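Here's the structure we're looking at; comments come further down.
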Amino acid sequence: LVFSFFSPSFRPFHVEPTNIVSVNDDMQRVTDEASAMNKRIHYYSRLTSPTDRALIAPDHVLPAPDEIYVYSPLGTAFKVESCTGGYGKNSSLVTIFMIWNTMMGTSILSIPWGIKQAGFTSGIILILLMGILTLYCCYRVVKSRQMIPLTDTSNWEFPDVCKYYFGSFGQWSSLLFSMVSLVGAMVVYWVLMSNFLFNTGKFIYNFVHDINVTDIVPGTNGSNKVICPSAASGHPPQNRSVMFSSGNRTGFELFEEWWNKSQTVPFYLIAVLLPLLNLKSPSFFAKFNVLGTVSVVYLVFLVTVKAAHLGIHLEFNWFTENEFFVPEFRILFPQLTGVLTLAFFIHNCVITLLQNNRNQENNVRDLSIAYFLVGLTYLYVGVIIFASFPSPPLSKECIEQNFLDNFPSNDIMSFVARIFLLFQMMTVYPLLGYLARVQLLRQFFGNAYPSLFHVLILNLAIVGAGVVMARFYPNIGGIIRYSGATCGLAFVFVYPSLIYMISLHRAGQLTWPALIIHIFIILLGLANLIAQFLL
């Protein structure tokens, strides 16, 4: 889950974890340094009344503030500047862009495949409906703090709200589903980075050695070639290619052996990314957040150019399937809803993002506009790729879970897109690992970096999961929909609805329509999760 670390200025008194002495020490529970700091803060608090902020502890008395990071699974992760005076300084335009930028990410690569699984018409309808539903649940998250009476919740995050209503169960379940979303995102990133690194290396090798390689898969002819990698087998292709060159065939075959998408490349990434995961602070990588925006903008540009060259290929068959087209409505539509649950997921960090909005009264409006723009981007990319996919000669069933796989490795525009996405994910991946480390290790050991050994063991487990999936199950659509439906069940459907119903019940304002509607939302989330394992 996206996670944020609260600044000590948010709390009346703060003791660094390193200043805590062993809990088994009955004589002294805090160090002399922490005790002295406590006395200084109490001194300032007694100089005037509690309501007068003229004499408060200055910044140099308080410990240095922690870093605050937010992320959206498969979107982006970045450092949030702390607010002063309880409010942020961002305009509504900046807030809208931050939400759009945080939510948008690599899930956009699977939207055309999801539309194919659901059917063209039902896919469009589902994107609209899931956008509206997740927006409403996100609205309930934003309003959840305001429904808690007699408590200052101005600096609370949604996990704090869950803990208030559900106690330790809310706290630990938040951690569990948070780790599901984080690890799921990191696994998808590893699979995609292996894919992009493989195709990038293949392009560079062929270009340097002047080798003309044609993949042994069905495809169209011409300069705007589109291929169907999954036509020859039920699993993603590996290194099936033929060389048309008088060059060194032995060298090419050796390269093919050592540069394999699933058998070797996922292991090469370990040498680069595992050391980065062990860094104490990922603040350097947060500077590259702009790469996420550049990648999405370039993908939209690529889709537009490809569609202009390929044209539109649509045929409406409402319930029957033929050789080249899929029905408008298909029973596999839950696969798209699983992807969309993660594609529209920002519920874990939306409070932090909106707290930086200068005009708090515009939060709901700005959130709605951001969701509209995200949905519009997904619709544009998904519809254009599906509609322009050349059928015939290829079937719409050929649309891959990563639509860039439908373009050969020697395609220049796809090569540039893979380069952008590869570098963007290599900068976001250490941030995600840092968030996973802080959430898990701080929960169990009270310290985000208890020792290099602890951090290394955790990172080896996370990296190992990514390598195993890239080796044996490199299907990003499947990974996205499983992790999306799982973490979305808690943070999108169940917790916002339950908290709203409980707060209304305690206030004596719960009505039957509200009860039925929100129970129905919970059941939708549960059905969405169950359906992922049945289809």
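The way I read the labels, and the way they are meant: chains A, B, ... in the order of the structure tokens, residue 1 as the first residue of every chain, and ligand 1 as the first ligand shown, with later ones counted on from there.
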Write out, as a tab-separated table, each residue of region 387-475 of chain A that has an atom at most 8 Å from region 191-194 of chain A, together with the closest pair of atoms and their distance in Å to one decimal, counting only C-alpha atoms, rows going by chain and rising number.
```
residue	atom	partner	partner_atom	distance
A:Leu422	CA	A:Met193	CA	5.7
A:Met425	CA	A:Met193	CA	7.1
A:Met426	CA	A:Met193	CA	7.7
A:Gly466	CA	A:Val191	CA	6.7
A:Val467	CA	A:Val191	CA	7.7
A:Met469	CA	A:Val191	CA	7.0
A:Ala470	CA	A:Val191	CA	4.7
A:Pro474	CA	A:Val191	CA	5.9
A:Asn475	CA	A:Val191	CA	8.0
```
**Prompt:** What are the DSSP strand (DSSP E) residues of region 163-332 of chain A, as a PyMOL selection string?
**Reply:** chain A and resi 212-215+241-244
Extract, using only C-alpha atoms, all DNA, RNA and protein residues at most 8 Å from Phe325 (chain A), discarding same-chain residues fewer than 3 positions from it, and format them as a compact mmCIF listing (two decimals) with N, CA, C and O atoms, in the first residue's frame.
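Generated file (selection02.txt):
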```txt
# COMPACT_ATOMS: atom_id res chain seq x y z
N LEU A 314 -13.01 -2.54 -37.09
CA LEU A 314 -14.05 -2.94 -36.14
C LEU A 314 -15.17 -3.67 -36.87
O LEU A 314 -15.51 -3.35 -38.01
N GLU A 315 -15.71 -4.64 -36.18
CA GLU A 315 -16.91 -5.34 -36.65
C GLU A 315 -17.71 -5.74 -35.42
O GLU A 315 -17.16 -6.35 -34.50
N ASN A 317 -20.08 -7.84 -33.41
CA ASN A 317 -20.77 -9.11 -33.23
C ASN A 317 -21.17 -9.20 -31.77
O ASN A 317 -20.32 -9.38 -30.91
N GLU A 321 -18.68 -15.13 -31.83
CA GLU A 321 -17.28 -14.89 -32.10
C GLU A 321 -16.91 -15.49 -33.44
O GLU A 321 -17.37 -16.58 -33.79
N ASN A 322 -16.10 -14.78 -34.23
CA ASN A 322 -15.62 -15.32 -35.49
C ASN A 322 -14.10 -15.36 -35.50
O ASN A 322 -13.46 -15.14 -34.48
N SER A 391 -7.39 -6.32 -37.94
CA SER A 391 -8.19 -7.55 -38.06
C SER A 391 -9.15 -7.39 -39.24
O SER A 391 -10.03 -6.52 -39.19
N SER A 395 -6.26 -11.73 -35.67
CA SER A 395 -7.45 -11.76 -34.82
C SER A 395 -7.29 -10.80 -33.64
O SER A 395 -6.17 -10.57 -33.17
N LYS A 396 -8.39 -10.24 -33.19
CA LYS A 396 -8.35 -9.40 -31.99
C LYS A 396 -7.85 -10.18 -30.77
O LYS A 396 -7.36 -9.59 -29.81
N GLU A 397 -7.97 -11.50 -30.81
CA GLU A 397 -7.46 -12.32 -29.71
C GLU A 397 -5.95 -12.21 -29.57
O GLU A 397 -5.38 -12.61 -28.55
```
**Message:** From the options A:Cys138, A:Phe198, A:Glu361, A:Leu342, which residue's atoms come nearest to Trp259 (chain A), counting only C-alpha atoms?
**Reply:** A:Phe198
**Message:** I'd like the interatomic distance between CA of Thr377 (chain A) and CA of Gly338 (chain A), to a tenth of an Å.
**Reply:** 17.9 Å
Could you give me, as a tab-separated table, every region 103-122 of chain A residue with an atom at most 10 Å from region 285-292 of chain A, plus its closest atom pair and distance in Å to one decimal, counting only C-alpha atoms, rows ordered by chain then number?
```
residue	atom	partner	partner_atom	distance
A:Met104	CA	A:Gly292	CA	8.1
A:Gly105	CA	A:Gly292	CA	7.1
A:Thr106	CA	A:Gly292	CA	9.2
```
**Request:** Write out as a count of residues only the residues lying within 10 Å of region 108-113 of chain A, counting only C-alpha atoms and excluding same-chain residues fewer than 4 positions away.
**Result:** 44
